[in-house]
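Have a look at the structure below, then the notes.
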Amino acid sequence: MPNDATVDLIGSLAHAMGPVDGWESLAMILEFGEGFRSAYGYAYSPGAAITPVACEWPRIEAAVDAYLGGYYRPGDKLPVKILVQFDRTSGKYEVTFEDTDEDRWAVKPKNFRMMREQLRPKFD
């Protein structure tokens, strides 16, 4: 069962990604670089529809900070990335932390088709 901070984080991401008609699941990468923050990923709709999405950091910052507050103390080194996967139909989710590998889940022109499928939530 998700805690309130997880529910708030997923809700904040879903709301901030903007309007995507009929999406069933999402995969969002939260990136914590030196001096910057970003949130981007994909919304998956029925059939083959995949929509690239992004969030403006100020719209999700409070929810991200509250979520991270359950894992880190002020001044602790944050992970370099967090992958949030959520299936709206089943209510299942997964949050995966990446502490060191900045290239993990890197979406680039050469690999974006492969990555959007690799990031697609699959809960068995």
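We label chains A, B, ... in the order they appear in the structure tokens, count residues from 1 in each chain, and number ligands from 1 in the order shown.
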> Neighbours of Glu56 (chain A) within 10 Å (only C-alpha atoms; same-chain residues fewer than 3 positions away dropped), as a ChimeraX atom specification?
Replying inline: /A:13,16-18,37-40,59-61
What does the file look like for those residues with all heavy atoms, as a short mmCIF file (atom, residue, chain, number, x, y, z; two decimals), in the first residue's frame?
data_model
loop_
_atom_site.label_atom_id
_atom_site.label_comp_id
_atom_site.auth_asym_id
_atom_site.auth_seq_id
_atom_site.Cartn_x
_atom_site.Cartn_y
_atom_site.Cartn_z
N LEU A 13 2.89 14.28 -10.48
CA LEU A 13 3.46 14.02 -11.80
C LEU A 13 2.37 13.91 -12.86
O LEU A 13 2.48 14.48 -13.94
CB LEU A 13 4.31 12.75 -11.77
CG LEU A 13 5.58 12.80 -10.93
CD1 LEU A 13 6.20 11.41 -10.82
CD2 LEU A 13 6.58 13.80 -11.51
N ALA A 16 0.93 17.41 -13.49
CA ALA A 16 1.88 18.36 -14.07
C ALA A 16 2.32 17.99 -15.48
O ALA A 16 2.83 18.84 -16.20
CB ALA A 16 3.10 18.50 -13.17
N MET A 17 2.13 16.73 -15.89
CA MET A 17 2.59 16.34 -17.22
C MET A 17 1.71 16.93 -18.32
O MET A 17 2.04 16.86 -19.49
CB MET A 17 2.68 14.82 -17.36
CG MET A 17 1.37 14.11 -17.49
SD MET A 17 1.64 12.33 -17.65
CE MET A 17 -0.05 11.78 -17.82
N GLY A 18 0.59 17.53 -17.92
CA GLY A 18 -0.28 18.15 -18.91
C GLY A 18 -1.31 17.18 -19.44
O GLY A 18 -1.34 16.00 -19.07
N ARG A 37 17.26 20.38 -12.03
CA ARG A 37 16.31 19.29 -11.78
C ARG A 37 15.44 19.18 -13.04
O ARG A 37 15.11 20.19 -13.66
CB ARG A 37 15.40 19.60 -10.59
CG ARG A 37 16.11 19.95 -9.29
CD ARG A 37 16.61 18.68 -8.62
NE ARG A 37 17.20 18.94 -7.33
CZ ARG A 37 18.49 19.07 -7.09
NH1 ARG A 37 19.34 19.01 -8.09
NH2 ARG A 37 18.96 19.24 -5.89
N SER A 38 15.05 17.97 -13.40
CA SER A 38 14.15 17.80 -14.53
C SER A 38 13.26 16.59 -14.30
O SER A 38 13.60 15.69 -13.52
CB SER A 38 14.92 17.68 -15.85
OG SER A 38 15.71 16.51 -15.85
N ALA A 39 12.13 16.59 -14.98
CA ALA A 39 11.18 15.48 -14.92
C ALA A 39 10.59 15.29 -16.31
O ALA A 39 9.99 16.20 -16.87
CB ALA A 39 10.08 15.77 -13.90
N TYR A 40 10.79 14.10 -16.85
CA TYR A 40 10.34 13.81 -18.21
C TYR A 40 10.06 12.32 -18.33
O TYR A 40 10.51 11.52 -17.50
CB TYR A 40 11.40 14.25 -19.23
CG TYR A 40 12.74 13.60 -18.97
CD1 TYR A 40 13.08 12.39 -19.56
CD2 TYR A 40 13.66 14.19 -18.10
CE1 TYR A 40 14.30 11.79 -19.30
CE2 TYR A 40 14.89 13.60 -17.85
CZ TYR A 40 15.20 12.40 -18.46
OH TYR A 40 16.41 11.80 -18.19
N ARG A 59 6.14 22.90 -10.35
CA ARG A 59 4.81 22.31 -10.16
C ARG A 59 4.86 21.00 -9.38
O ARG A 59 3.85 20.55 -8.85
CB ARG A 59 4.13 22.09 -11.51
CG ARG A 59 3.84 23.42 -12.22
CD ARG A 59 3.06 23.24 -13.48
NE ARG A 59 1.73 22.70 -13.16
CZ ARG A 59 0.94 22.14 -14.07
NH1 ARG A 59 1.33 22.05 -15.32
NH2 ARG A 59 -0.24 21.68 -13.72
N ILE A 60 6.02 20.35 -9.34
CA ILE A 60 6.13 19.06 -8.64
C ILE A 60 7.08 19.12 -7.44
O ILE A 60 7.18 18.16 -6.70
CB ILE A 60 6.58 17.94 -9.60
CG1 ILE A 60 7.97 18.23 -10.17
CG2 ILE A 60 5.56 17.75 -10.73
CD1 ILE A 60 8.60 17.08 -10.93
N GLU A 61 7.75 20.23 -7.27
CA GLU A 61 8.82 20.32 -6.27
C GLU A 61 8.36 19.96 -4.86
O GLU A 61 9.05 19.21 -4.15
CB GLU A 61 9.41 21.73 -6.28
CG GLU A 61 10.63 21.87 -5.40
CD GLU A 61 11.36 23.18 -5.62
OE1 GLU A 61 10.78 24.12 -6.19
OE2 GLU A 61 12.52 23.24 -5.19
#
For Pro46 (chain A), find every residue with an atom within 12 Å (counting only C-alpha atoms), except residues of its own chain fewer than 2 positions away, and show them as an mmCIF file with C-alpha atoms, in the first residue's frame.
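As a result, result_0.cif now contains:
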data_model
loop_
_atom_site.group_PDB
_atom_site.id
_atom_site.type_symbol
_atom_site.label_atom_id
_atom_site.label_comp_id
_atom_site.auth_asym_id
_atom_site.auth_seq_id
_atom_site.Cartn_x
_atom_site.Cartn_y
_atom_site.Cartn_z
ATOM 1 C CA VAL A 20 -2.880 13.437 -22.374
ATOM 2 C CA ASP A 21 -6.166 11.878 -23.416
ATOM 3 C CA GLY A 22 -6.919 8.396 -22.140
ATOM 4 C CA TRP A 23 -3.516 7.518 -20.733
ATOM 5 C CA GLU A 24 -3.371 4.252 -18.790
ATOM 6 C CA SER A 25 0.179 4.312 -17.457
ATOM 7 C CA LEU A 26 3.171 6.581 -17.145
ATOM 8 C CA ALA A 43 2.368 8.545 -20.992
ATOM 9 C CA TYR A 44 1.040 5.303 -22.454
ATOM 10 C CA ALA A 48 0.283 1.922 -29.488
ATOM 11 C CA ALA A 49 -0.104 5.570 -28.470
ATOM 12 C CA ILE A 50 2.906 6.863 -26.528
ATOM 13 C CA THR A 51 3.142 10.547 -25.681
ATOM 14 C CA ASP A 87 -0.420 1.964 -14.014
ATOM 15 C CA ARG A 88 -3.632 3.927 -13.542
ATOM 16 C CA THR A 89 -5.846 0.941 -14.428
#
>> List as JSON, numbers by chain the protein and nucleic acid residues near region 92-100 of chain A, meaning an atom at most 7 Å away when only C-alpha atoms are counted, but skip any in the same chain fewer than 4 places from it.
In response: {"A": [79, 80, 81, 82, 83, 84, 85, 86, 87]}
>> With DSSP run on the backbone, what are the helix (DSSP H, G or I) residues within region 42-83 of chain A? I'd like them as a PyMOL selection string.
In response: chain A and resi 57-69
Export N, CA, C and O atoms of the chosen residues as a compact mmCIF listing (two decimals), in the first residue's frame?
# COMPACT_ATOMS: atom_id res chain seq x y z
N TRP A 57 9.46 21.80 -13.07
CA TRP A 57 9.88 21.42 -11.72
C TRP A 57 9.11 22.15 -10.62
O TRP A 57 8.72 21.52 -9.63
N PRO A 58 8.86 23.45 -10.72
CA PRO A 58 8.14 24.13 -9.64
C PRO A 58 6.75 23.52 -9.35
O PRO A 58 6.28 23.57 -8.22
N ARG A 59 6.14 22.90 -10.35
CA ARG A 59 4.81 22.31 -10.16
C ARG A 59 4.86 21.00 -9.38
O ARG A 59 3.85 20.55 -8.85
N ILE A 60 6.02 20.35 -9.34
CA ILE A 60 6.13 19.06 -8.64
C ILE A 60 7.08 19.12 -7.44
O ILE A 60 7.18 18.16 -6.70
N GLU A 61 7.75 20.23 -7.27
CA GLU A 61 8.82 20.32 -6.27
C GLU A 61 8.36 19.96 -4.86
O GLU A 61 9.05 19.21 -4.15
N ALA A 62 7.22 20.46 -4.41
CA ALA A 62 6.76 20.17 -3.05
C ALA A 62 6.52 18.67 -2.86
O ALA A 62 6.92 18.10 -1.85
N ALA A 63 5.90 18.03 -3.85
CA ALA A 63 5.63 16.59 -3.74
C ALA A 63 6.93 15.78 -3.79
O ALA A 63 7.08 14.80 -3.06
N VAL A 64 7.88 16.19 -4.63
CA VAL A 64 9.17 15.49 -4.71
C VAL A 64 9.92 15.65 -3.38
O VAL A 64 10.44 14.68 -2.84
N ASP A 65 9.95 16.87 -2.86
CA ASP A 65 10.64 17.11 -1.58
C ASP A 65 10.01 16.29 -0.45
O ASP A 65 10.73 15.72 0.38
N ALA A 66 8.68 16.24 -0.40
CA ALA A 66 8.01 15.47 0.64
C ALA A 66 8.34 13.98 0.50
O ALA A 66 8.59 13.29 1.49
N TYR A 67 8.35 13.48 -0.74
CA TYR A 67 8.67 12.07 -0.97
C TYR A 67 10.11 11.77 -0.54
O TYR A 67 10.37 10.81 0.19
N LEU A 68 11.04 12.61 -0.99
CA LEU A 68 12.44 12.40 -0.65
C LEU A 68 12.69 12.52 0.85
O LEU A 68 13.58 11.87 1.39
N GLY A 69 11.87 13.33 1.53
CA GLY A 69 12.00 13.50 2.98
C GLY A 69 11.80 12.20 3.74
O GLY A 69 12.26 12.05 4.88
> In Å, how far is it from CA of Met28 (chain A) to CA of Pro109 (chain A)?
Replying inline: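 Value for the CA of Met28 (chain A)-CA of Pro109 (chain A) distance: 17.6 Å.
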>> So the first atom is CA of Asp8 (chain A) and the second is CA of Asp101 (chain A); what is the distance between them in Å, to one decimal place?
In response: 26.3 Å
>> Could you tell me how far CA of Gly41 (chain A) sits from CA of Ala54 (chain A), in Å to one decimal place?
In response: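 Calculated distance between CA of Ala54 (chain A) and CA of Gly41 (chain A) is 6.3 Å.
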